[in-house]
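Report on the following structure.
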Amino acid sequence: MRRFHFLLGGTWTVGRTLRWLVLLALGAAVLWWSARGIGFSVAELVRGLPWVFDLISRMVPPNWAFFERLVKPVIETIQIALWGTLLAVLMALPLCFLAARNLSPNLLVFHAMRQVLNALRGINEIIFALIFVAAVGLGPFSGVLALAIHGAGMLGKFFAEAVEEIDAGPVEALRATGARPALVVVFGVLPQVIPSWIAATLYRFEVNLRAATILGMVGAGGIGFELMSSLKLFQYQDTAVCVLVILAMVMTADYLSSRLRARILAA
Amino acid sequence: MIHVRGLSKTYGNFAALRGVDLVVSAGEMCVVLGPSGAGKSTLLRCLNRLTEPSAGEVVIGGRGAPRNRRELRELRQHIGMIFQDHNLVARLSVLKNVLTGRLAGMPGLAAALQLFPRADVDIALDALRRVALADRALDRADRLSGGQQQRVGIARALAQQPQVILADEPVASLDPKTARVVLDDLRRAAHELGIAVLCNLHQVEYALEFADRIVGIGAGEVVFEGGPDELTPAALARIYPGLAAGATSPAPEAERDVETKALPL
């Protein structure tokens with residue numbers, strides 16, 4: 001009598017078992033190859049551990065006096081995230097209707113818009129920041145532009161998907177009254193999508209705040225600059241303060257935004 | 001008020017309507033009976049051109065086929081439509097839902113900024129009084145019961161001050177008591193305001209109770225036309241082939257013969 005039955009998937013014929021074994025072997029090979037590529041080594045990790053502890057021990061106690069120097073960068077970081085989000089919303093608004101299958105004037109425009117949004121979304125904020133620092137110069141405004149461009153791609157897609165999920169009935173009812181297309185959108189589409197648009201925007205602000213904390217590393221403003229310089233000057237107790245402040249900022253934003261989003265989506 | 005001659009609509013090989021002739025006068029409550037898929041919805045949607053007819057002539061209040069988008073909107077402005085699932089905008093107030101019936105004639109920018117002319121607000125409130133829901137004007141539409149929402153749908157159509165109201169299965173999802181209130185609202189709109197009402201139903205008993213005239217549709221053709229008293233068992237059998245003798249109501253079945261995925265504006 002068997003005490004266990006193997007019940008995973010369907011019936012395990014010989015052919016199926018072989019196919020799975022081949023796939024497993026392939027997967028293992030790719031992972032081994034990648035591990036070689038990145039110099040994965042447990043031994044090195046173990047050997048490095050004392051240095052990690054050494055670094056941490058140099059961070060404590062955090063140099064709280066340094067906090068005074070961080071007030072301005074923290075405020076700047078929030079300002080970058082605010083304007084980066086706002087500009088992204090402004091750019092995403094007109095694009096999202098063209099990128100929504102049910103409202104786009106035709107399929108060509110729809111696919112073209114989707115590709116534009118994909119391209120904006122596909123490139124990381126830091127890469128945009130590097131480009132804008134080169135073009136506009138060092139400073140927070142380059143960071144704002146980087147967040148705005150990347151965020152427009154993200155929000156454009158979110159907004160368009162919300163438009164695609166609306167109930168078509170009210171829209172048809174408004175068309176049947178003879179209202180102009182723009183007013184059909186204002187009264188038939190917007191009321192249906194506004195809650196999810198606001199939720200997406202709040203989430204975007206949260207993401208942008210996290211991104212804004214590292215923009216400073218490429219010279220695009222915010223607290224990241226202070227973090228970088230303290231590391232370069234071996235002022236690890238200052239670094240600790242930077243990290244803790246970033247953590248506090250991000251956690252506060254997460255908490256507030258998720259509370260707000262839950263309230264908006266529940267209404 | 002409604003003149004339809006030789007109206008046909010084909011979807012690929014399927015003929016939803018084959019040469020329908022129909023006249024509805026001002027102030028008349030005309031009920032269209034027919035089994036699911038007979039073409040009742042298609043008929044109504046061809047009248048305000050939510051569906052473009054394949055052939056035939058439709059003249060409503062003296063207006064023929066629109067030649068451009070502006071004429072299409074003008075045609076629709078004078079035709080109110082009532083839907084099976086009322087199609088209110090759930091998150092807007094009752095009053096604003098009714099006001100959307102007046103959008104076609106409003107200054108666009110002001111309306112988009114939520115500024116509504118007082119005259120239009122008065123008309124909307126008057127329409128709400130007609131369906132006895134004026135006291136709910138500022139509630140959100142989705143706070144109302146199904147029957148109340150359908151009556152807001154009627155108020156939206158009335159606010160258009162239309163010559164014609166098209167009602168597509170307006171009581172299909174309502175209980176009998178509520179259904180009678182809604183149908184009574186529609187009949188009063190016809191009789192008191194002189195609107196030509198064309199109403200799809202699938203319950204024969206409601207047709208007998210509320211219609212001035214009944215049009216029976218089967219397989220895309222008019223198979224009966226006459227007053228409620230002329231609707232004999234033989235006539236019923238023509239509208240509902242295979243319906244057991246003595247039964248007055250065929251099995252209710254939601255009719256959705258036209259599915260539009262895209263929303264051309």
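Just remember, in the structure tokens the first chain shown is A, the second B, etc., residues are 1-based per chain, and ligands are 1-based in the order shown.
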
Compute the chain B side of the contact with chain A at 9 Å, counting only C-alpha atoms, and hand it back as a VMD selection string. chain B and resid 48 to 50 70 72 to 83 85 to 92 96 to 97 100 to 106 108 to 109 111 to 112 156 to 157 160 260 to 265

Once you have the residues from the selection above, write them out as a short mmCIF file (atom, residue, chain, number, x, y, z; two decimals), in the first residue's frame, restricted to N, CA and C atoms.
```cif
data_model
loop_
_atom_site.label_atom_id
_atom_site.label_comp_id
_atom_site.auth_asym_id
_atom_site.auth_seq_id
_atom_site.Cartn_x
_atom_site.Cartn_y
_atom_site.Cartn_z
N ASN B 48 -33.01 56.11 -34.07
CA ASN B 48 -32.11 57.21 -33.69
C ASN B 48 -30.68 56.95 -34.15
N ARG B 49 -30.54 55.97 -34.98
CA ARG B 49 -29.28 55.67 -35.68
C ARG B 49 -28.12 55.36 -34.75
N LEU B 50 -28.44 54.72 -33.61
CA LEU B 50 -27.36 54.07 -32.87
C LEU B 50 -26.92 52.89 -33.72
N ARG B 70 -23.51 66.78 -37.46
CA ARG B 70 -24.30 67.81 -36.82
C ARG B 70 -25.78 67.50 -36.95
N LEU B 72 -27.00 64.57 -37.41
CA LEU B 72 -27.27 63.37 -36.60
C LEU B 72 -27.55 63.77 -35.15
N ARG B 73 -26.72 64.67 -34.61
CA ARG B 73 -26.93 65.11 -33.22
C ARG B 73 -28.25 65.85 -33.08
N GLU B 74 -28.58 66.63 -34.13
CA GLU B 74 -29.85 67.38 -34.09
C GLU B 74 -31.03 66.42 -34.09
N LEU B 75 -30.92 65.36 -34.91
CA LEU B 75 -31.99 64.35 -34.94
C LEU B 75 -32.15 63.71 -33.56
N ARG B 76 -31.01 63.33 -32.96
CA ARG B 76 -31.06 62.62 -31.67
C ARG B 76 -31.56 63.53 -30.56
N GLN B 77 -31.30 64.83 -30.68
CA GLN B 77 -31.73 65.78 -29.66
C GLN B 77 -33.25 65.70 -29.47
N HIS B 78 -33.98 65.35 -30.53
CA HIS B 78 -35.44 65.34 -30.46
C HIS B 78 -35.99 63.95 -30.20
N ILE B 79 -35.11 62.98 -29.97
CA ILE B 79 -35.55 61.61 -29.69
C ILE B 79 -35.01 61.19 -28.33
N GLY B 80 -35.91 60.94 -27.39
CA GLY B 80 -35.47 60.43 -26.10
C GLY B 80 -35.35 58.92 -26.19
N MET B 81 -34.40 58.34 -25.43
CA MET B 81 -34.29 56.88 -25.44
C MET B 81 -34.20 56.35 -24.02
N ILE B 82 -34.91 55.25 -23.80
CA ILE B 82 -34.92 54.62 -22.49
C ILE B 82 -34.43 53.18 -22.67
N PHE B 83 -33.50 52.79 -21.82
CA PHE B 83 -32.82 51.51 -21.99
C PHE B 83 -33.26 50.49 -20.95
N ASP B 85 -31.42 48.64 -18.95
CA ASP B 85 -30.73 48.84 -17.67
C ASP B 85 -30.49 50.32 -17.43
N HIS B 86 -31.44 51.13 -17.76
CA HIS B 86 -31.51 52.57 -17.53
C HIS B 86 -30.29 53.37 -17.97
N ASN B 87 -29.08 52.76 -17.89
CA ASN B 87 -27.88 53.45 -18.37
C ASN B 87 -27.69 54.84 -17.79
N LEU B 88 -27.93 54.98 -16.50
CA LEU B 88 -27.59 56.23 -15.83
C LEU B 88 -26.09 56.22 -15.53
N VAL B 89 -25.53 57.41 -15.35
CA VAL B 89 -24.14 57.50 -14.90
C VAL B 89 -24.17 57.40 -13.38
N ALA B 90 -23.70 56.26 -12.86
CA ALA B 90 -23.93 55.90 -11.46
C ALA B 90 -23.42 56.95 -10.48
N ARG B 91 -22.28 57.54 -10.76
CA ARG B 91 -21.65 58.43 -9.77
C ARG B 91 -22.15 59.86 -9.84
N LEU B 92 -22.99 60.18 -10.83
CA LEU B 92 -23.52 61.54 -10.91
C LEU B 92 -24.84 61.62 -10.15
N LYS B 96 -28.16 65.76 -12.24
CA LYS B 96 -27.18 65.89 -13.32
C LYS B 96 -27.43 64.86 -14.41
N ASN B 97 -27.85 63.67 -14.00
CA ASN B 97 -28.22 62.66 -15.00
C ASN B 97 -29.36 63.17 -15.88
N THR B 100 -28.24 65.78 -18.37
CA THR B 100 -27.51 65.31 -19.56
C THR B 100 -28.47 65.21 -20.75
N GLY B 101 -29.77 65.12 -20.46
CA GLY B 101 -30.73 65.13 -21.56
C GLY B 101 -30.78 66.46 -22.28
N ARG B 102 -30.21 67.51 -21.67
CA ARG B 102 -30.24 68.84 -22.28
C ARG B 102 -28.89 69.26 -22.83
N LEU B 103 -27.90 68.38 -22.74
CA LEU B 103 -26.54 68.77 -23.15
C LEU B 103 -26.47 69.26 -24.58
N ALA B 104 -27.28 68.63 -25.46
CA ALA B 104 -27.17 68.93 -26.89
C ALA B 104 -27.39 70.41 -27.18
N GLY B 105 -28.23 71.07 -26.35
CA GLY B 105 -28.53 72.47 -26.64
C GLY B 105 -27.80 73.45 -25.75
N MET B 106 -26.85 72.95 -24.94
CA MET B 106 -26.19 73.83 -23.98
C MET B 106 -24.87 74.34 -24.52
N GLY B 108 -21.24 74.40 -24.67
CA GLY B 108 -20.40 73.26 -24.32
C GLY B 108 -19.41 73.52 -23.21
N LEU B 109 -18.68 74.63 -23.31
CA LEU B 109 -17.61 74.88 -22.35
C LEU B 109 -18.18 75.06 -20.95
N ALA B 111 -20.98 73.88 -19.78
CA ALA B 111 -21.46 72.59 -19.28
C ALA B 111 -20.29 71.75 -18.79
N ALA B 112 -19.18 71.76 -19.54
CA ALA B 112 -18.02 70.97 -19.14
C ALA B 112 -17.50 71.46 -17.79
N ARG B 156 -34.79 61.83 -17.84
CA ARG B 156 -33.72 62.29 -18.74
C ARG B 156 -34.26 62.43 -20.16
N ALA B 157 -35.07 61.45 -20.58
CA ALA B 157 -35.66 61.53 -21.91
C ALA B 157 -36.64 62.70 -22.00
N GLN B 160 -35.27 66.17 -22.58
CA GLN B 160 -34.93 66.53 -23.96
C GLN B 160 -36.09 67.26 -24.63
N THR B 260 -22.31 46.30 -29.22
CA THR B 260 -21.35 47.23 -29.79
C THR B 260 -20.17 47.32 -28.84
N LYS B 261 -19.01 46.93 -29.31
CA LYS B 261 -17.83 46.95 -28.46
C LYS B 261 -17.22 48.34 -28.49
N ALA B 262 -17.01 48.86 -29.68
CA ALA B 262 -16.42 50.19 -29.79
C ALA B 262 -17.49 51.23 -29.50
N LEU B 263 -17.07 52.38 -29.03
CA LEU B 263 -18.01 53.46 -28.75
C LEU B 263 -17.70 54.65 -29.63
N PRO B 264 -18.08 54.59 -30.90
CA PRO B 264 -17.77 55.74 -31.75
C PRO B 264 -18.49 56.96 -31.21
N LEU B 265 -17.75 58.03 -31.05
CA LEU B 265 -18.37 59.24 -30.52
C LEU B 265 -18.77 60.12 -31.68
#
```

Among region 72-251 of chain A, which residues does DSSP mark as alpha helix (DSSP H) when it is run on the backbone? Keep the chain and numbering as in the structure and answer as a PyMOL selection string. chain A and resi 72-98+107-122+125-136+140-164+168-176+181-184+190-215+224-232+236-251

At a cut-off of 6 Å, using only C-alpha atoms, what residues contact region 22-28 of chain B? Leave out same-chain residues fewer than 5 positions from it and give the result as a ChimeraX atom specification. /B:1-4,190-191,194-196

Can you tell me how far CA of Ser93 (chain B) sits from CA of Gln149 (chain B), in Å to one decimal? 11.2 Å

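With distances restricted to only C-alpha atoms, B:Val152 is the closest residue to Ala134 (chain B) from B:Val152, B:Ile165, B:Ala219, B:Ala234.
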
Determine, counting only C-alpha atoms, which protein, DNA and RNA residues have an atom within 9 Å of an atom of region 51-60 of chain A; residues of the same chain fewer than 3 positions away are not included. Present the result as a list in words. Arg47, Gly48, Asn63, Gln235, Tyr236, Gln237, Asp238, Thr239, Ala240 and Val241 of chain A

Record the distance separating CA of Val71 (chain A) and CA of Arg261 (chain A), expressed in Å with one decimal.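 Between CA of Val71 (chain A) and CA of Arg261 (chain A) the gap works out to 27.8 Å.
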
Polymer residues at most 9 Å from region 117-123 of chain A, only C-alpha atoms, same-chain spacing of 4 or more positions, as a list in words: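 In the requested form, the answer reads Ala92, Leu95, Ala99, Ala112, Met113, Ile127, Phe128, Ile149, His150, Gly151, Ala152, Gly153, Met154, Leu155, Gly156 and Lys157 of chain A.
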
Preceding selection exported with N, CA and C atoms as a PDB file, in the first residue's frame:
```
ATOM      1  N   ALA A  92      -0.383  62.623 -19.593  1.00  0.00           N
ATOM      2  CA  ALA A  92      -1.105  61.362 -19.788  1.00  0.00           C
ATOM      3  C   ALA A  92      -2.568  61.603 -20.168  1.00  0.00           C
ATOM      4  N   LEU A  95      -3.278  61.778 -23.899  1.00  0.00           N
ATOM      5  CA  LEU A  95      -2.821  60.550 -24.564  1.00  0.00           C
ATOM      6  C   LEU A  95      -3.734  59.365 -24.272  1.00  0.00           C
ATOM      7  N   ALA A  99      -5.199  56.140 -26.512  1.00  0.00           N
ATOM      8  CA  ALA A  99      -4.617  54.817 -26.273  1.00  0.00           C
ATOM      9  C   ALA A  99      -5.632  53.842 -25.687  1.00  0.00           C
ATOM     10  N   ALA A 112      -0.363  53.167 -32.369  1.00  0.00           N
ATOM     11  CA  ALA A 112       0.740  54.128 -32.323  1.00  0.00           C
ATOM     12  C   ALA A 112       0.881  54.691 -30.907  1.00  0.00           C
ATOM     13  N   MET A 113      -0.249  55.074 -30.293  1.00  0.00           N
ATOM     14  CA  MET A 113      -0.222  55.650 -28.950  1.00  0.00           C
ATOM     15  C   MET A 113       0.288  54.643 -27.931  1.00  0.00           C
ATOM     16  N   ILE A 127      17.762  56.950 -16.427  1.00  0.00           N
ATOM     17  CA  ILE A 127      18.301  57.195 -17.769  1.00  0.00           C
ATOM     18  C   ILE A 127      17.786  58.528 -18.296  1.00  0.00           C
ATOM     19  N   PHE A 128      16.484  58.765 -18.118  1.00  0.00           N
ATOM     20  CA  PHE A 128      15.940  60.068 -18.517  1.00  0.00           C
ATOM     21  C   PHE A 128      16.643  61.187 -17.753  1.00  0.00           C
ATOM     22  N   ILE A 149       8.363  62.430 -17.729  1.00  0.00           N
ATOM     23  CA  ILE A 149       8.331  61.687 -18.995  1.00  0.00           C
ATOM     24  C   ILE A 149       8.054  60.206 -18.741  1.00  0.00           C
ATOM     25  N   HIS A 150       8.809  59.623 -17.820  1.00  0.00           N
ATOM     26  CA  HIS A 150       8.606  58.206 -17.519  1.00  0.00           C
ATOM     27  C   HIS A 150       7.199  57.993 -16.950  1.00  0.00           C
ATOM     28  N   GLY A 151       6.777  58.890 -16.051  1.00  0.00           N
ATOM     29  CA  GLY A 151       5.455  58.759 -15.422  1.00  0.00           C
ATOM     30  C   GLY A 151       4.323  58.917 -16.420  1.00  0.00           C
ATOM     31  N   ALA A 152       4.509  59.754 -17.447  1.00  0.00           N
ATOM     32  CA  ALA A 152       3.467  59.923 -18.461  1.00  0.00           C
ATOM     33  C   ALA A 152       3.189  58.582 -19.148  1.00  0.00           C
ATOM     34  N   GLY A 153       4.254  57.823 -19.409  1.00  0.00           N
ATOM     35  CA  GLY A 153       4.077  56.505 -20.021  1.00  0.00           C
ATOM     36  C   GLY A 153       3.316  55.562 -19.107  1.00  0.00           C
ATOM     37  N   MET A 154       3.697  55.588 -17.817  1.00  0.00           N
ATOM     38  CA  MET A 154       3.026  54.719 -16.845  1.00  0.00           C
ATOM     39  C   MET A 154       1.560  55.095 -16.671  1.00  0.00           C
ATOM     40  N   LEU A 155       1.326  56.389 -16.366  1.00  0.00           N
ATOM     41  CA  LEU A 155      -0.037  56.835 -16.091  1.00  0.00           C
ATOM     42  C   LEU A 155      -0.911  56.750 -17.337  1.00  0.00           C
ATOM     43  N   GLY A 156      -0.327  57.049 -18.507  1.00  0.00           N
ATOM     44  CA  GLY A 156      -1.088  56.957 -19.756  1.00  0.00           C
ATOM     45  C   GLY A 156      -1.673  55.573 -19.915  1.00  0.00           C
ATOM     46  N   LYS A 157      -0.867  54.556 -19.589  1.00  0.00           N
ATOM     47  CA  LYS A 157      -1.360  53.183 -19.726  1.00  0.00           C
ATOM     48  C   LYS A 157      -2.434  52.888 -18.668  1.00  0.00           C
TER      49      LYS A 157
END
```

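Every protein, DNA or RNA residue with an atom at most 8 Å from Ile214 (chain A), where only C-alpha atoms count and chain neighbours fewer than 5 positions away do not, is listed here: Gly222, Ile223, Gly224 and Phe225 of chain A.
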
Suppose we keep C-alpha atoms; can you now write the selection as a PDB file, in the first residue's frame?
```pdb
ATOM      1  CA  GLY A 222      16.976  65.746  -3.985  1.00  0.00           C
ATOM      2  CA  ILE A 223      18.338  63.895  -0.981  1.00  0.00           C
ATOM      3  CA  GLY A 224      20.285  61.380  -3.098  1.00  0.00           C
ATOM      4  CA  PHE A 225      23.066  63.915  -3.541  1.00  0.00           C
TER       5      PHE A 225
END
```
